[in-house]
$ cat structure29.csv   # CSV, C-alpha atoms
chain,number,residue,atom,x,y,z
A,221,MET,CA,110.0,87.5,138.0
A,222,ASN,CA,108.6,83.9,137.9
A,223,ALA,CA,107.7,84.0,134.2
A,224,TRP,CA,111.3,84.8,133.4
A,225,ARG,CA,112.6,81.8,135.4
A,226,GLU,CA,109.9,79.5,134.0
A,227,ALA,CA,110.6,80.6,130.4
A,228,SER,CA,112.8,78.3,128.2
A,229,PRO,CA,116.4,79.4,127.5
A,230,THR,CA,115.3,80.1,123.9
A,231,ALA,CA,112.5,82.4,125.1
A,232,ARG,CA,114.8,84.3,127.4
A,233,LEU,CA,117.3,84.8,124.6
A,234,LEU,CA,114.5,86.0,122.3
A,235,LEU,CA,113.4,88.5,124.9
A,236,VAL,CA,117.0,89.7,125.3
A,237,ALA,CA,117.0,90.1,121.5
A,238,VAL,CA,113.8,92.1,121.7
A,239,LEU,CA,115.3,94.4,124.3
A,240,PHE,CA,118.6,95.2,122.6
A,241,THR,CA,117.2,95.5,119.0
A,242,GLY,CA,114.6,97.8,120.4
A,243,LEU,CA,117.1,99.8,122.4
A,244,THR,CA,119.4,100.3,119.4
A,245,THR,CA,116.4,101.0,117.1
A,246,PHE,CA,115.3,103.9,119.3
A,247,MET,CA,118.8,105.2,119.6
A,248,PHE,CA,118.9,105.5,115.9
A,249,LEU,CA,115.3,106.4,114.9
A,250,PRO,CA,114.7,109.8,116.6
A,251,LEU,CA,118.0,111.1,115.3
A,252,LEU,CA,117.7,109.9,111.7
A,253,ALA,CA,116.0,113.1,110.3
A,254,ILE,CA,118.6,115.3,112.2
A,255,GLU,CA,121.5,113.3,110.7
A,256,LEU,CA,120.1,113.3,107.2
A,257,THR,CA,119.6,117.1,107.3
A,258,ALA,CA,123.2,117.5,108.7
A,259,ARG,CA,124.5,115.5,105.7
A,260,GLY,CA,123.0,118.2,103.4
A,261,ILE,CA,119.8,116.4,102.3
A,262,PRO,CA,116.9,118.7,101.7
A,263,ALA,CA,114.0,118.6,104.2
A,264,GLY,CA,111.5,117.3,101.6
A,265,ARG,CA,113.8,114.4,100.7
A,266,THR,CA,114.5,113.7,104.4
A,267,GLY,CA,110.8,113.5,105.1
A,268,PHE,CA,110.4,111.0,102.2
A,269,LEU,CA,113.3,108.8,103.5
A,270,VAL,CA,111.9,108.8,107.1
A,271,GLY,CA,108.4,107.9,105.7
A,272,LEU,CA,110.0,105.2,103.5
A,273,LEU,CA,111.5,103.6,106.6
A,274,ALA,CA,108.0,103.4,108.2
A,275,PHE,CA,106.4,102.1,105.0
A,276,SER,CA,109.1,99.4,104.5
A,277,GLY,CA,108.5,98.2,108.1
A,278,GLN,CA,104.8,97.9,107.7
A,279,ALA,CA,103.9,97.3,104.0
A,280,PHE,CA,105.2,93.7,103.9
A,281,SER,CA,103.5,92.4,107.1
A,282,LEU,CA,101.2,89.9,105.2
A,283,LEU,CA,104.1,88.7,103.1
A,284,THR,CA,106.3,88.3,106.1
A,285,GLY,CA,103.6,86.2,107.8
A,286,LEU,CA,103.4,84.0,104.8
A,287,LEU,CA,107.2,83.6,104.8
A,288,VAL,CA,107.2,82.7,108.4
A,289,ASP,CA,104.6,79.9,107.9
A,290,ARG,CA,106.3,78.7,104.7
A,291,PHE,CA,110.0,78.7,105.6
A,292,GLY,CA,109.9,78.8,109.4
A,293,ALA,CA,110.3,81.7,111.9
A,294,HIS,CA,114.0,80.9,112.6
A,295,ARG,CA,115.0,81.3,108.9
A,296,VAL,CA,113.0,84.5,108.6
A,297,MET,CA,114.5,85.9,111.8
A,298,ALA,CA,118.0,85.2,110.5
A,299,ALA,CA,117.2,87.0,107.2
A,300,GLY,CA,115.9,89.9,109.3
A,301,PHE,CA,119.1,90.2,111.3
A,302,LEU,CA,121.1,90.0,108.1
A,303,LEU,CA,119.1,92.7,106.3
A,304,ARG,CA,119.3,95.0,109.2
A,305,VAL,CA,123.1,94.7,109.5
A,306,LEU,CA,123.4,95.4,105.8
A,307,GLY,CA,121.0,98.3,106.0
A,308,TYR,CA,122.8,100.0,108.9
A,309,ALA,CA,126.1,99.6,107.1
A,310,LEU,CA,124.7,101.2,103.9
A,311,LEU,CA,123.3,104.1,106.0
A,312,GLY,CA,126.8,104.9,107.1
A,313,LEU,CA,127.9,105.2,103.4
A,314,GLY,CA,125.1,107.4,102.0
A,315,GLY,CA,124.8,111.1,101.8
A,316,ALA,CA,123.6,114.0,99.6
A,317,GLY,CA,125.9,112.9,96.9
A,318,ALA,CA,125.2,109.2,97.2
A,319,PRO,CA,121.5,108.7,97.6
A,320,ALA,CA,121.4,105.1,96.4
A,321,PRO,CA,123.1,103.6,99.6
A,322,LEU,CA,120.7,105.7,101.7
A,323,VAL,CA,117.6,104.5,100.0
A,324,ALA,CA,118.8,100.8,99.9
A,325,GLY,CA,119.8,101.0,103.6
A,326,ILE,CA,116.5,102.5,104.7
A,327,VAL,CA,114.5,99.8,102.9
A,328,ALA,CA,116.8,97.1,104.2
A,329,VAL,CA,116.4,98.3,107.8
A,330,GLY,CA,112.6,98.6,107.4
A,331,VAL,CA,112.0,95.2,105.8
A,332,GLY,CA,114.5,93.6,108.2
A,333,GLY,CA,112.6,95.1,111.1
A,334,SER,CA,109.4,93.6,109.8
A,335,LEU,CA,111.0,90.2,109.4
A,336,LEU,CA,112.5,90.4,112.9
A,337,GLY,CA,109.4,91.6,114.7
A,338,LEU,CA,107.0,89.1,113.3
A,339,SER,CA,109.3,86.1,113.5
A,340,THR,CA,110.4,86.7,117.1
A,341,LYS,CA,106.7,87.3,118.1
A,342,THR,CA,105.7,84.0,116.4
A,343,LEU,CA,108.5,82.2,118.2
A,344,LEU,CA,107.6,83.6,121.6
A,345,VAL,CA,103.9,82.7,121.4
A,346,SER,CA,105.0,79.2,120.2
A,347,GLN,CA,107.2,78.5,123.2
A,348,GLU,CA,106.3,75.4,125.3
A,349,GLY,CA,105.8,75.8,129.1
A,350,THR,CA,104.5,79.5,129.1
A,351,ASP,CA,101.2,80.8,127.9
A,352,ARG,CA,100.9,83.2,125.0
A,353,ARG,CA,99.6,86.1,127.1
A,354,THR,CA,102.6,86.0,129.4
A,355,MET,CA,105.0,86.0,126.4
A,356,LEU,CA,103.2,88.9,124.7
A,357,ALA,CA,103.2,90.9,128.0
A,358,LEU,CA,106.9,90.3,128.5
A,359,ARG,CA,107.7,91.2,124.9
A,360,SER,CA,105.7,94.5,125.3
A,361,THR,CA,107.6,95.3,128.5
A,362,PHE,CA,111.0,94.7,126.9
A,363,VAL,CA,110.1,96.7,123.8
A,364,ASN,CA,109.1,99.7,126.0
A,365,VAL,CA,112.4,99.6,127.9
A,366,GLY,CA,113.9,100.3,124.5
A,367,VAL,CA,111.4,103.0,123.8
A,368,VAL,CA,112.1,104.8,127.1
A,369,ALA,CA,115.9,104.3,127.3
A,370,GLY,CA,116.9,104.3,123.6
A,371,PRO,CA,116.3,108.0,122.8
A,372,ALA,CA,118.2,109.1,125.9
A,373,LEU,CA,121.1,106.8,125.1
A,374,GLY,CA,121.1,107.9,121.5
A,375,ALA,CA,121.2,111.6,122.6
A,376,ALA,CA,124.2,110.8,124.8
A,377,VAL,CA,126.1,109.0,122.1
A,378,TYR,CA,125.2,111.3,119.2
A,379,PRO,CA,127.8,114.0,120.0
A,380,LEU,CA,130.5,111.4,119.3
A,381,GLY,CA,129.1,110.9,115.9
A,382,PHE,CA,126.2,109.1,114.2
A,383,GLY,CA,128.6,106.4,113.1
A,384,TRP,CA,128.9,105.2,116.7
A,385,ILE,CA,125.1,104.7,116.9
A,386,LEU,CA,125.1,102.7,113.6
A,387,ALA,CA,128.1,100.7,114.9
A,388,ALA,CA,126.1,99.8,118.1
A,389,CYS,CA,123.2,98.7,115.9
A,390,VAL,CA,125.4,96.5,113.7
A,391,LEU,CA,127.2,95.0,116.6
A,392,SER,CA,124.1,94.2,118.6
A,393,HIS,CA,122.3,92.6,115.6
A,394,LEU,CA,125.4,90.6,114.7
A,395,VAL,CA,125.9,89.2,118.2
A,396,LEU,CA,122.3,88.4,118.8
A,397,GLY,CA,121.6,87.0,115.4
A,398,THR,CA,124.7,84.7,115.6
A,399,ARG,CA,123.7,83.6,119.1
A,400,LEU,CA,120.2,82.7,118.1
A,401,VAL,CA,121.2,80.9,114.9
A,402,LEU,CA,123.8,78.9,116.8
A,403,ARG,CA,121.2,78.0,119.5
A,404,ARG,CA,118.8,77.0,116.8
A,405,SER,CA,121.5,74.7,115.3
A,406,VAL,CA,122.0,73.0,118.7
A,407,THR,CA,118.3,72.6,119.6
A,408,ALA,CA,117.3,71.4,116.1
A,409,SER,CA,119.2,68.2,116.7
A,410,ARG,CA,117.1,67.5,119.8
A,411,SER,CA,113.6,68.4,118.8
A,412,ARG,CA,111.7,70.2,116.1
A,413,ALA,CA,110.7,73.8,116.9
A,414,VAL,CA,107.0,74.4,117.5
A,415,VAL,CA,106.3,77.2,115.1
A,416,GLY,CA,102.9,78.0,113.7
A,417,ARG,CA,101.2,75.5,115.9
A,418,ALA,CA,97.5,74.9,116.3
A,419,ALA,CA,95.2,77.4,117.9
A,420,ALA,CA,95.0,77.4,121.7
A,421,PRO,CA,92.9,74.7,123.2
A,422,ALA,CA,89.6,75.5,124.5
A,423,ALA,CA,88.7,75.2,128.2
A,424,ASP,CA,87.8,71.5,127.9
A,425,GLY,CA,91.2,70.7,126.2
A,426,ALA,CA,89.8,70.2,122.7
A,427,PRO,CA,91.5,72.1,120.0
A,428,ALA,CA,89.7,75.3,119.0
A,429,ALA,CA,88.4,75.5,115.4
A,430,PRO,CA,90.0,78.2,113.2
A,431,TRP,CA,87.8,81.2,112.7
A,432,THR,CA,85.9,81.8,109.5
A,433,LEU,CA,86.3,85.0,107.4
A,434,ARG,CA,83.2,86.5,109.0
A,435,GLN,CA,84.7,86.1,112.4
A,436,TRP,CA,88.1,87.5,111.3
A,437,LEU,CA,86.6,90.7,109.8
A,438,PRO,CA,85.6,92.3,113.2
A,439,LEU,CA,89.1,91.5,114.6
A,440,CYS,CA,90.8,93.1,111.6
A,441,GLY,CA,88.5,96.1,112.0
A,442,LEU,CA,89.5,96.4,115.6
A,443,GLY,CA,93.1,96.3,114.6
A,444,VAL,CA,92.5,99.2,112.2
A,445,ALA,CA,90.5,101.1,114.9
A,446,TYR,CA,93.1,100.6,117.6
A,447,TRP,CA,96.0,102.1,115.5
A,448,ALA,CA,93.8,104.9,114.1
A,449,ILE,CA,92.9,106.0,117.6
A,450,TYR,CA,96.4,105.4,119.0
A,451,SER,CA,98.1,107.3,116.2
A,452,GLN,CA,96.5,110.5,117.5
A,453,LEU,CA,99.2,110.5,120.2
A,454,ASN,CA,101.6,111.3,117.3
A,455,VAL,CA,99.3,113.7,115.4
A,456,LEU,CA,96.7,115.5,117.5
A,457,LEU,CA,98.2,115.2,120.9
A,458,PRO,CA,101.5,117.0,120.4
A,459,ILE,CA,99.7,120.0,118.9
A,460,THR,CA,97.0,120.1,121.5
A,461,ALA,CA,99.5,119.5,124.4
A,462,ASN,CA,101.5,122.5,123.2
A,463,ALA,CA,98.4,124.7,122.9
A,464,MET,CA,97.0,123.7,126.2
A,465,THR,CA,100.2,124.1,128.3
A,466,GLY,CA,102.3,126.5,126.3
A,467,SER,CA,105.2,124.1,126.6
A,468,ALA,CA,106.7,122.2,123.7
A,469,ALA,CA,108.1,119.7,126.2
A,470,ALA,CA,104.6,118.6,127.3
A,471,ILE,CA,104.3,115.8,124.8
A,472,SER,CA,107.7,114.4,126.0
A,473,VAL,CA,106.3,114.2,129.5
A,474,VAL,CA,103.3,112.2,128.2
A,475,PHE,CA,105.5,109.8,126.2
A,476,THR,CA,108.0,109.3,129.1
A,477,ALA,CA,105.3,108.6,131.6
A,478,ASN,CA,103.5,106.3,129.2
A,479,GLY,CA,106.6,104.2,128.6
A,480,LEU,CA,107.5,104.0,132.3
A,481,LEU,CA,104.0,102.8,133.2
A,482,VAL,CA,104.1,100.1,130.5
A,483,VAL,CA,107.5,98.9,131.7
A,484,LEU,CA,106.4,98.8,135.3
A,485,PHE,CA,102.9,97.4,135.0
A,486,GLN,CA,102.4,95.6,131.6
A,487,TYR,CA,103.4,92.2,132.9
A,488,THR,CA,101.6,92.4,136.3
A,489,LEU,CA,98.4,93.6,134.7
A,490,LEU,CA,98.1,90.8,132.2
A,491,ARG,CA,99.7,88.0,134.2
A,492,HIS,CA,98.1,88.6,137.5
A,493,VAL,CA,95.3,91.2,137.6
A,494,PHE,CA,93.5,90.0,134.4
A,495,ARG,CA,94.9,86.5,134.4
A,496,ARG,CA,91.5,84.8,134.0
A,497,ALA,CA,89.9,87.3,131.7
A,498,THR,CA,89.4,86.4,128.0
A,499,ALA,CA,91.1,88.4,125.3
A,500,ARG,CA,87.7,89.7,124.2
A,501,THR,CA,87.1,91.1,127.7
A,502,LEU,CA,90.4,92.8,127.7
A,503,LEU,CA,89.7,94.4,124.4
A,504,VAL,CA,86.4,95.8,125.6
A,505,LEU,CA,88.1,97.2,128.7
A,506,GLY,CA,90.9,98.7,126.6
A,507,PHE,CA,88.6,100.6,124.2
A,508,LEU,CA,86.6,101.8,127.2
A,509,ALA,CA,89.9,103.1,128.7
A,510,PHE,CA,90.5,104.9,125.3
A,511,ALA,CA,87.1,106.6,125.7
A,512,CYS,CA,88.0,107.7,129.2
A,513,ALA,CA,91.4,109.0,128.1
A,514,TYR,CA,90.1,111.2,125.3
A,515,ALA,CA,87.2,112.4,127.5
A,516,THR,CA,89.7,114.0,129.8
A,517,LEU,CA,90.8,116.3,127.0
A,518,ILE,CA,87.3,117.6,126.3
A,519,PRO,CA,87.6,120.4,128.9
A,520,LEU,CA,91.0,121.4,127.5
A,521,ALA,CA,92.1,122.1,131.1
A,522,GLY,CA,95.8,122.4,130.4
A,523,TRP,CA,98.2,120.2,132.4
A,524,TYR,CA,95.3,118.8,134.4
A,525,SER,CA,93.7,117.3,131.3
A,526,LEU,CA,97.1,116.1,130.0
A,527,LEU,CA,98.2,114.3,133.1
A,528,ALA,CA,94.7,112.8,133.6
A,529,PHE,CA,95.0,111.5,130.0
A,530,VAL,CA,98.2,109.5,130.6
A,531,VAL,CA,96.9,106.7,132.9
A,532,PRO,CA,93.8,105.6,130.9
A,533,VAL,CA,95.6,105.8,127.5
A,534,THR,CA,98.4,103.7,128.9
A,535,LEU,CA,95.9,101.2,130.2
A,536,ALA,CA,94.3,101.0,126.8
A,537,GLU,CA,97.7,100.4,125.2
A,538,MET,CA,98.6,97.6,127.7
A,539,LEU,CA,95.3,95.8,127.2
A,540,ILE,CA,94.6,96.2,123.5
A,541,GLY,CA,97.9,95.6,121.8
A,542,PRO,CA,98.8,92.2,123.3
A,543,SER,CA,95.1,91.1,123.3
A,544,LEU,CA,94.7,91.7,119.5
A,545,ASP,CA,97.8,89.5,118.9
A,546,GLU,CA,96.6,86.9,121.4
A,547,GLN,CA,93.1,86.8,119.8
A,548,ALA,CA,94.7,86.4,116.3
A,549,VAL,CA,96.9,83.5,117.4
A,550,ASN,CA,93.9,81.8,119.1
A,551,ALA,CA,91.9,82.2,115.9
A,552,ALA,CA,94.6,80.9,113.5
A,553,ALA,CA,94.5,77.6,111.7
A,554,THR,CA,97.3,75.1,112.2
A,555,ARG,CA,100.6,76.4,111.0
A,556,ARG,CA,99.2,79.8,110.2
A,557,THR,CA,100.4,81.7,113.2
A,558,GLY,CA,102.7,83.9,111.1
A,559,LEU,CA,99.9,84.8,108.7
A,560,ALA,CA,97.6,85.7,111.7
A,561,LEU,CA,100.1,88.0,113.3
A,562,GLY,CA,101.0,89.5,109.8
A,563,THR,CA,97.3,90.2,109.2
A,564,MET,CA,97.1,92.2,112.5
A,565,SER,CA,100.3,94.1,111.6
A,566,ALA,CA,98.8,95.0,108.2
A,567,ALA,CA,95.6,96.1,109.9
A,568,GLY,CA,97.8,98.3,112.2
A,569,ALA,CA,99.6,99.8,109.2
A,570,LEU,CA,96.3,100.7,107.6
A,571,GLY,CA,94.9,102.1,110.8
A,572,SER,CA,98.1,104.3,111.3
A,573,LEU,CA,97.8,105.6,107.8
A,574,PHE,CA,94.2,106.4,108.1
A,575,GLY,CA,94.5,107.9,111.6
A,576,SER,CA,97.4,110.1,110.8
A,577,SER,CA,95.7,111.4,107.6
A,578,ALA,CA,92.4,112.0,109.3
A,579,GLY,CA,93.8,113.5,112.6
A,580,GLY,CA,95.2,116.6,111.1
A,581,TYR,CA,92.1,117.2,109.0
A,582,LEU,CA,89.9,116.8,112.1
A,583,LEU,CA,92.0,119.2,114.1
A,584,GLN,CA,91.9,121.8,111.4
A,585,SER,CA,88.1,121.4,111.0
A,586,ALA,CA,87.5,121.7,114.8
A,587,ARG,CA,89.8,124.7,115.0
A,588,GLY,CA,91.0,123.8,118.4
A,589,GLY,CA,87.6,122.9,119.8
A,590,SER,CA,86.5,119.8,121.7
A,591,GLU,CA,84.6,118.2,118.8
A,592,VAL,CA,87.6,116.1,117.8
A,593,TRP,CA,87.8,114.5,121.3
A,594,LEU,CA,84.1,113.8,121.3
A,595,LEU,CA,84.5,112.0,118.0
A,596,LEU,CA,87.4,109.9,119.4
A,597,VAL,CA,85.4,109.1,122.5
A,598,GLY,CA,82.5,107.9,120.3
A,599,SER,CA,84.8,105.9,118.1
A,600,SER,CA,86.3,104.2,121.1
A,601,LEU,CA,82.9,103.3,122.5
A,602,ALA,CA,81.9,101.9,119.0
A,603,ALA,CA,85.0,99.8,118.9
A,604,ALA,CA,84.2,98.4,122.4
A,605,ALA,CA,80.8,97.4,121.2
A,606,ILE,CA,82.3,95.7,118.1
A,607,CYS,CA,84.5,93.6,120.5
A,608,LEU,CA,81.3,91.8,121.6
A,609,LEU,CA,81.0,90.3,118.1
A,610,LEU,CA,84.2,88.3,118.7
A,611,PRO,CA,84.0,84.7,119.8
A,612,LYS,CA,84.7,84.3,123.5
A,613,VAL,CA,87.9,82.2,123.5
A,614,ARG,CA,89.7,81.6,126.8
A,615,THR,CA,93.4,81.2,126.7
A,616,ARG,CA,94.7,78.2,128.7
A,617,HIS,CA,97.4,79.2,131.2
A,618,VAL,CA,100.3,76.9,131.8
$ encode --input "structure29.csv" --output "structure tokens"
Amino acid sequence: MNAWREASPTARLLLVAVLFTGLTTFMFLPLLAIELTARGIPAGRTGFLVGLLAFSGQAFSLLTGLLVDRFGAHRVMAAGFLLRVLGYALLGLGGAGAPAPLVAGIVAVGVGGSLLGLSTKTLLVSQEGTDRRTMLALRSTFVNVGVVAGPALGAAVYPLGFGWILAACVLSHLVLGTRLVLRRSVTASRSRAVVGRAAAPAADGAPAAPWTLRQWLPLCGLGVAYWAIYSQLNVLLPITANAMTGSAAAISVVFTANGLLVVLFQYTLLRHVFRRATARTLLVLGFLAFACAYATLIPLAGWYSLLAFVVPVTLAEMLIGPSLDEQAVNAAATRRTGLALGTMSAAGALGSLFGSSAGGYLLQSARGGSEVWLLLVGSSLAAAAICLLLPKVRTRHV
């Protein structure tokens, strides 16, 4: 892979960190509810703790962005590693009779994940020698390797005890955090890190002016729309897939195929196929792909509809997610990259909350009919139209 060879040593180390932190996170996350229940914690409290983990990872996105811009991405990243190590250790101590370590551990893991995710993303898009789209595509690919392989690896290790999974999380974060901090100490004496740099230059080489609030509002709205639509994969689709196919494993097939397609084609799609396209164009195409994906579910044709759904919804994910971040970074003022990415994360959190809440109500109202899919198709087409309100900014490729 040429982009890997062309990337700086720091960028490669950051991508390795993304890979292993994602891998251990998805070893741990799917088994958390099972482990808490096994420790004698009631189902209601278990649900609250799992929800608290998601909330802790999303609620502080704007604050994390401000911290990145104020104190630097490397310091925030180090704090994220430290919080996660502490959080995993506390999770090993908590139980039904000791709720305080559990709550503190879950909050530490969630907030630490927010600090890590935003700081590493900021560092990657700020690397010299490689354009932002390539770095975001590589990051998405490495994250999805963890999404695909992590649960399987966790299931293989879990019979040995949940403590082994927590130990793997602690060890990986300690090693990677120490390595990145030491590398930062070495490179700091040679040159100042480029973090929160100016927006991407325009095609003529002049710096692009930061966006106004009126230009930011459609982008934030698209962030909310994307995650509201995408969240139906966790709310509407599992129920519908089971009803259409009669198999509880149907949704697992969708998620596995989705993850594999992203791993195999994310980089190629953004780096080569759509290399010259603007982020705005990619967003339009992505939301149109969403419309096509949900349209395949209108006939409710069992496995045929479900398998036809996988490719366009994966295409939408590959195009929209990185393009929203790219557009946000291009729109950011000087030294406000962290805030720009934090804003998009906050929009995603709001969209996920709204989508998850509305999805169940829509399915209940439609009583298994096709109306809900028609509404999602219409919402996707409306979002594609809103994309045309965005300024047309072309990313310079290095």
$ atom_distance --input "structure29.csv" --atom1 "CA of Val482 in chain A" --atom2 "CA of Ile540 in chain A"
12.4 Å
$ residues_around --input "structure29.csv" --residues "range 252-268 of chain A" --least-positions-apart "2" --cutoff "10 Å" --atoms "only C-alpha atoms" --output "list in words"
Phe246, Met247, Phe248, Leu249, Pro250, Val270, Gly271, Leu272, Leu273, Ala274, Leu311, Gly314, Gly315, Ala316, Gly317, Pro319, Leu322, Val323, Tyr378, Gly381 and Phe382 of chain A
$ atom_distance --input "structure29.csv" --atom1 "CA of Gly571 in chain A" --atom2 "CA of Ala445 in chain A"
6.1 Å
$ residues_around --input "structure29.csv" --residues "Arg359 in chain A" --least-positions-apart "2" --cutoff "9 Å" --atoms "all atoms listed in the file" --output "number ranges by chain"
A: 234-235, 238-239, 341, 344, 354-357, 361-364
$ atom_distance --input "structure29.csv" --atom1 "CA of Arg404 in chain A" --atom2 "CA of Val296 in chain A"
12.5 Å
